[in-house]
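Structure record follows, encoded as structure tokens.
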Amino acid sequence: MHWADHAALSLSENGKLQVCASGITPSGEFHIGHIREILTAEMIHRACLDLGLESKYIFIVDSMDPLRRVYDFLSPSYEKYIGTPLAFIPAPGPDGEPDNSGGSYAEYFLNPFLNSLKKIGVTPEIIMNHETYEDGKFSEKIDSAILNKDKIRNIIEEISGRELPDNWFPYSPIGSDGSMDGVEVTSYEKPYVYWKDRLGIEGKSNIMKAEGKLPWRIDWAARWGIHQITSEPAGKDHGSSGGSYDTGIPICRLLGSDPPKKMVYEWIQLKGMGPMSSSKGVTIGPVEALNLVPPEILRYVIARSKVNRHIDFDTGSTLFETADEYERLLSDMSANEERGLNRRQRIAKETNLGALKFSQIYRGDDPFKSLGGVSFRHLSLLAQIKNRDEDVWTSLRKSNHIRIGPNKILIERLSRMRNWIDGPHFPEKSKIIIHRVACDEAIEFIDEQKKSFLTELKSKLNDCEWSENGINNLIRMISKNSNITTKDCYVALYWLILGKNNGPRIASIMSELDKDKVILLIESLP
RNA sequence: GGGCCUGUAGCUUAGUCAGGUAGAGCGACGGGCUUUUAACCCGUCGGCCGCGGGUUCGAAUCCCGUCAGGCCCGCCA
């Protein structure tokens, strides 16, 4: 059984109404790590629906969270906004300076992300957390938290092992300059929290409005109750023992609600570069990823991996393999029957089918409709050899990958493949590099006999039709009349042109090159 | 210091929750496609399931220990 179906099944024991949630702080660029947060919850939501439960999926934007520090991509003028909720800070303009015409900081980073989510078929109910505060929905929880201040303090200190300062208070009011930093609470009289800020100015915050917020650990526990959340997978940072999940559960109960069951997902890492971090520049954005691979493949990256296993993401060969695995699974699924499968194979097949199901952009779509019929590896080859799309289709027709014209899926794949190849993420290993002069290995491999074959070939090139077939026929003809095997003739050409001992059909590569270039290349042999 | 994840064929890994003869892909090798391939099809090779112990008729799977790698524990998915 797929993990999402399994999660849904265990949720179903607690009732028919399910609310699956994700929460992200929009403090900077979103990256594919956030995609895991989103998709883990969204797939469980879909699984609930598949099971016949009533379920909704909400995405809570932590717009009330304060700016923690001035990130590298921000201008130093953001210094004054540290401690201010992201919803109340102007977005950075093109120069990194605060720009009042560009909406809020939170929206600035959120909107492109929502766009990408739409492309992968995720359409959550979006809740801006600062609006929940503005609407007074937090007020009861805030009141309750303040009244239970000592109990909450105990929970946090005991479970997290952290020691809270003496002046700690379970509510952070916003001071006169908009920041929550250095604001000390002096007293509480519902609905007002009285305070003195770091400038020495005194004031009060109404807990019915967005004039302050609960600290993170309490905020999280409170919203579980406010939104009736039954499932919220959290990143491993919240999941380690003593982390915010562990303190959230008893705090949520203390505030009068049932918490969701703890579920922790592992992080996505960029292969060889450790965990993703926007501030360190170790990141790949969803927009970037979607320029390379189709949305169903991006979903599949998440769907195929168990929640508690980390994912090594890289835009090189791993992504190729994952994409090809998707294609292969699809064709295998239609082929073999249930019979003759033992228990393990049945489970594996069932799980794989689940992964395919959750990879579809729209729930209920037939996975087989997303079958391209050509491996990504092969497509990358053709895309590099053939400059014109039409030639790619011709080649695919010849190899029986497609019958008539390419379908929409394939056309989109080729266009993405060209992006991939032209961009910085395409793996070196898969690149086809045309040599301009013979490399050392080529010179070593090409002995006198092979050289005379090439010389002969060169002299006939001008008479031959400059097409894949014409060139290939010429190669075959000359090789037959030479003393070496056909295979050696081809290998010599591979070494000469690509610097490797094999490759895609050499005639098709040559036909895309200028004749003069080929001639110069042969002449570059000593 | 506390905790999590991982260790299975050359590489990537499934199978671990519900113990019952180790599966797959890539690579390599061989063959086919009377045209070469990193296409396509068929086949072969390849695993003391990190190591040691225990439970069991039976362990990759459960338990204990141990080694190695990665990660989290101020904010970060």
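Labels for the structure tokens follow display order: chains A, B, ..., residues from 1 in each chain, ligands from 1.
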Got a sec to pull out which chain B residues are within 9 Å of chain A, counting only C-alpha atoms (C1' of nucleotides), and send them as a short mmCIF file (atom, residue, chain, number, x, y, z; two decimals) with N, CA and C atoms (P, O5', C5', C4', C3', O3' and C1' of nucleotides), in the first residue's frame?
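iface_16.cif was written with the following content:
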```cif
data_model
loop_
_atom_site.label_atom_id
_atom_site.label_comp_id
_atom_site.auth_asym_id
_atom_site.auth_seq_id
_atom_site.Cartn_x
_atom_site.Cartn_y
_atom_site.Cartn_z
P G B 2 23.23 10.84 24.92
"O5'" G B 2 21.89 11.55 24.45
"C5'" G B 2 20.82 11.78 25.37
"C4'" G B 2 19.69 12.46 24.66
"C3'" G B 2 19.14 11.73 23.45
"O3'" G B 2 18.24 10.69 23.79
"C1'" G B 2 19.49 13.98 22.89
P G B 3 18.25 9.36 22.93
"O5'" G B 3 17.65 9.83 21.52
"C5'" G B 3 16.28 10.13 21.39
"C4'" G B 3 16.02 10.80 20.08
"C3'" G B 3 16.16 9.96 18.83
"O3'" G B 3 15.09 9.07 18.65
"C1'" G B 3 17.06 12.11 18.46
P C B 4 15.28 7.77 17.77
"O5'" C B 4 15.21 8.36 16.29
"C5'" C B 4 14.02 8.98 15.82
"C4'" C B 4 14.27 9.59 14.46
"C3'" C B 4 14.77 8.62 13.40
"O3'" C B 4 13.72 7.84 12.85
"C1'" C B 4 16.06 10.58 13.32
P C B 5 14.03 6.37 12.33
"O5'" C B 5 14.80 6.68 10.97
"C5'" C B 5 14.15 7.37 9.92
"C4'" C B 5 15.13 7.70 8.83
"C3'" C B 5 15.90 6.50 8.28
"O3'" C B 5 15.14 5.76 7.36
"C1'" C B 5 17.39 8.28 8.64
P U B 6 15.42 4.20 7.24
"O5'" U B 6 16.85 4.20 6.53
"C5'" U B 6 16.97 4.62 5.19
"C4'" U B 6 18.42 4.70 4.79
"C3'" U B 6 19.19 3.40 4.84
"O3'" U B 6 18.94 2.59 3.71
"C1'" U B 6 20.49 5.11 5.81
P U B 12 25.37 3.93 -5.14
"O5'" U B 12 23.94 4.01 -5.84
"C5'" U B 12 23.51 5.22 -6.45
"C4'" U B 12 22.10 5.07 -6.96
"C3'" U B 12 21.08 4.59 -5.93
"O3'" U B 12 20.63 5.63 -5.10
"C1'" U B 12 20.81 3.36 -7.93
P A B 14 14.77 1.78 -1.44
"O5'" A B 14 13.90 0.60 -2.06
"C5'" A B 14 12.90 0.90 -3.02
"C4'" A B 14 12.14 -0.34 -3.38
"C3'" A B 14 11.61 -1.17 -2.22
"O3'" A B 14 10.44 -0.60 -1.69
"C1'" A B 14 12.50 -2.57 -3.90
P G B 15 10.09 -0.69 -0.15
"O5'" G B 15 10.13 -2.27 0.09
"C5'" G B 15 8.98 -3.05 -0.22
"C4'" G B 15 9.35 -4.50 -0.08
"C3'" G B 15 9.69 -4.95 1.35
"O3'" G B 15 8.52 -5.28 2.06
"C1'" G B 15 11.33 -5.76 -0.17
P G B 23 13.93 -13.77 -6.01
"O5'" G B 23 13.24 -12.82 -7.07
"C5'" G B 23 13.98 -11.95 -7.79
"C4'" G B 23 13.22 -10.66 -7.89
"C3'" G B 23 13.83 -9.68 -8.88
"O3'" G B 23 13.46 -9.99 -10.21
"C1'" G B 23 13.38 -8.57 -6.88
P G B 25 14.72 -5.21 -15.03
"O5'" G B 25 15.25 -3.72 -14.93
"C5'" G B 25 14.38 -2.62 -15.22
"C4'" G B 25 15.08 -1.32 -14.92
"C3'" G B 25 16.44 -1.15 -15.58
"O3'" G B 25 16.32 -0.68 -16.90
"C1'" G B 25 16.61 -0.60 -13.29
P C B 26 17.37 -1.10 -17.95
"O5'" C B 26 18.68 -0.30 -17.49
"C5'" C B 26 18.73 1.11 -17.59
"C4'" C B 26 19.98 1.64 -16.91
"C3'" C B 26 21.29 1.06 -17.41
"O3'" C B 26 21.73 1.66 -18.62
"C1'" C B 26 21.30 1.05 -15.07
P U B 35 21.86 -4.97 -42.83
"O5'" U B 35 22.62 -4.31 -41.64
"C5'" U B 35 23.93 -4.01 -41.51
"C4'" U B 35 23.94 -2.67 -40.88
"C3'" U B 35 23.01 -2.57 -39.68
"O3'" U B 35 23.76 -3.06 -38.59
"C1'" U B 35 22.88 -0.64 -41.09
P U B 36 23.37 -3.00 -37.08
"O5'" U B 36 24.51 -1.97 -36.67
"C5'" U B 36 25.87 -2.35 -36.88
"C4'" U B 36 26.73 -1.13 -36.72
"C3'" U B 36 26.44 -0.29 -35.48
"O3'" U B 36 27.23 -0.75 -34.41
"C1'" U B 36 26.62 1.08 -37.41
P U B 37 26.56 -1.27 -33.07
"O5'" U B 37 26.06 0.08 -32.40
"C5'" U B 37 26.96 1.15 -32.14
"C4'" U B 37 26.17 2.21 -31.40
"C3'" U B 37 25.48 1.65 -30.17
"O3'" U B 37 25.86 2.43 -29.07
"C1'" U B 37 23.96 2.86 -31.53
P A B 38 26.48 1.74 -27.88
"O5'" A B 38 25.69 2.51 -26.75
"C5'" A B 38 24.78 1.85 -25.88
"C4'" A B 38 23.73 2.88 -25.55
"C3'" A B 38 22.94 3.31 -26.76
"O3'" A B 38 21.68 2.70 -26.88
"C1'" A B 38 23.73 5.19 -25.46
P A B 39 20.61 2.05 -26.21
"O5'" A B 39 19.32 2.46 -27.08
"C5'" A B 39 18.89 3.82 -27.09
"C4'" A B 39 17.63 3.86 -27.92
"C3'" A B 39 16.70 2.67 -27.70
"O3'" A B 39 15.81 2.94 -26.65
"C1'" A B 39 17.08 2.99 -30.01
P C B 40 15.38 1.77 -25.67
"O5'" C B 40 14.75 0.71 -26.67
"C5'" C B 40 13.46 0.92 -27.23
"C4'" C B 40 13.14 -0.21 -28.17
"C3'" C B 40 13.29 -1.59 -27.56
"O3'" C B 40 12.15 -1.96 -26.82
"C1'" C B 40 14.37 -1.55 -29.66
P G B 70 29.41 12.02 6.46
"O5'" G B 70 27.84 12.27 6.28
"C5'" G B 70 27.30 12.45 4.98
"C4'" G B 70 25.80 12.49 5.05
"C3'" G B 70 25.22 13.55 5.98
"O3'" G B 70 25.25 14.85 5.41
"C1'" G B 70 24.07 11.52 6.29
P C B 71 25.40 16.09 6.39
"O5'" C B 71 23.99 16.16 7.12
"C5'" C B 71 22.83 16.49 6.38
"C4'" C B 71 21.60 16.19 7.19
"C3'" C B 71 21.39 17.03 8.44
"O3'" C B 71 20.92 18.33 8.13
"C1'" C B 71 20.87 14.78 8.92
P C B 72 21.14 19.51 9.15
"O5'" C B 72 20.04 19.20 10.26
"C5'" C B 72 18.66 19.37 9.95
"C4'" C B 72 17.83 18.98 11.14
"C3'" C B 72 18.15 19.74 12.43
"O3'" C B 72 17.52 21.00 12.46
"C1'" C B 72 18.00 17.44 12.91
P C B 73 18.16 22.18 13.27
"O5'" C B 73 17.93 21.72 14.77
"C5'" C B 73 16.64 21.78 15.36
"C4'" C B 73 16.69 21.22 16.74
"C3'" C B 73 17.63 21.94 17.71
"O3'" C B 73 17.01 23.10 18.23
"C1'" C B 73 17.92 19.61 17.92
P C B 75 13.64 27.52 16.82
"O5'" C B 75 13.57 28.33 15.44
"C5'" C B 75 13.01 29.62 15.43
"C4'" C B 75 13.23 30.23 14.08
"C3'" C B 75 13.02 29.28 12.91
"O3'" C B 75 11.65 29.17 12.59
"C1'" C B 75 15.02 30.47 12.59
P C B 76 11.12 27.80 12.03
"O5'" C B 76 11.98 27.49 10.73
"C5'" C B 76 11.44 27.77 9.46
"C4'" C B 76 12.52 27.66 8.42
"C3'" C B 76 12.58 26.30 7.71
"O3'" C B 76 11.99 26.36 6.43
"C1'" C B 76 14.75 27.08 8.32
P A B 77 10.74 26.94 5.91
"O5'" A B 77 10.19 25.62 5.24
"C5'" A B 77 8.93 25.14 5.55
"C4'" A B 77 9.02 23.63 5.72
"C3'" A B 77 9.94 23.19 6.85
"O3'" A B 77 9.27 23.19 8.09
"C1'" A B 77 10.41 21.97 4.90
#
```
### Task
Pick out each residue of segment 88-273 of chain A that DSSP on the backbone tags as helix (DSSP H, G or I); I need them as a PyMOL selection string.
chain A and resi 88+100-102+105-119+129-134+139-147+149-160+216-226+236-239+244-254
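Secondary structure of segment 39-72 of chain A, strand (DSSP E or B) only (DSSP, backbone atoms): Glu54, Ser55, Lys56, Tyr57, Ile58, Phe59, Ile60, Val61, Pro66 and Leu67 of chain A.
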### Message
One number please: atom CA of Thr230 of chain A to atom CA of Trp216 of chain A, in Å, one decimal.
### Response
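Separating atom CA of Thr230 of chain A from atom CA of Trp216 of chain A is a distance of 19.0 Å.
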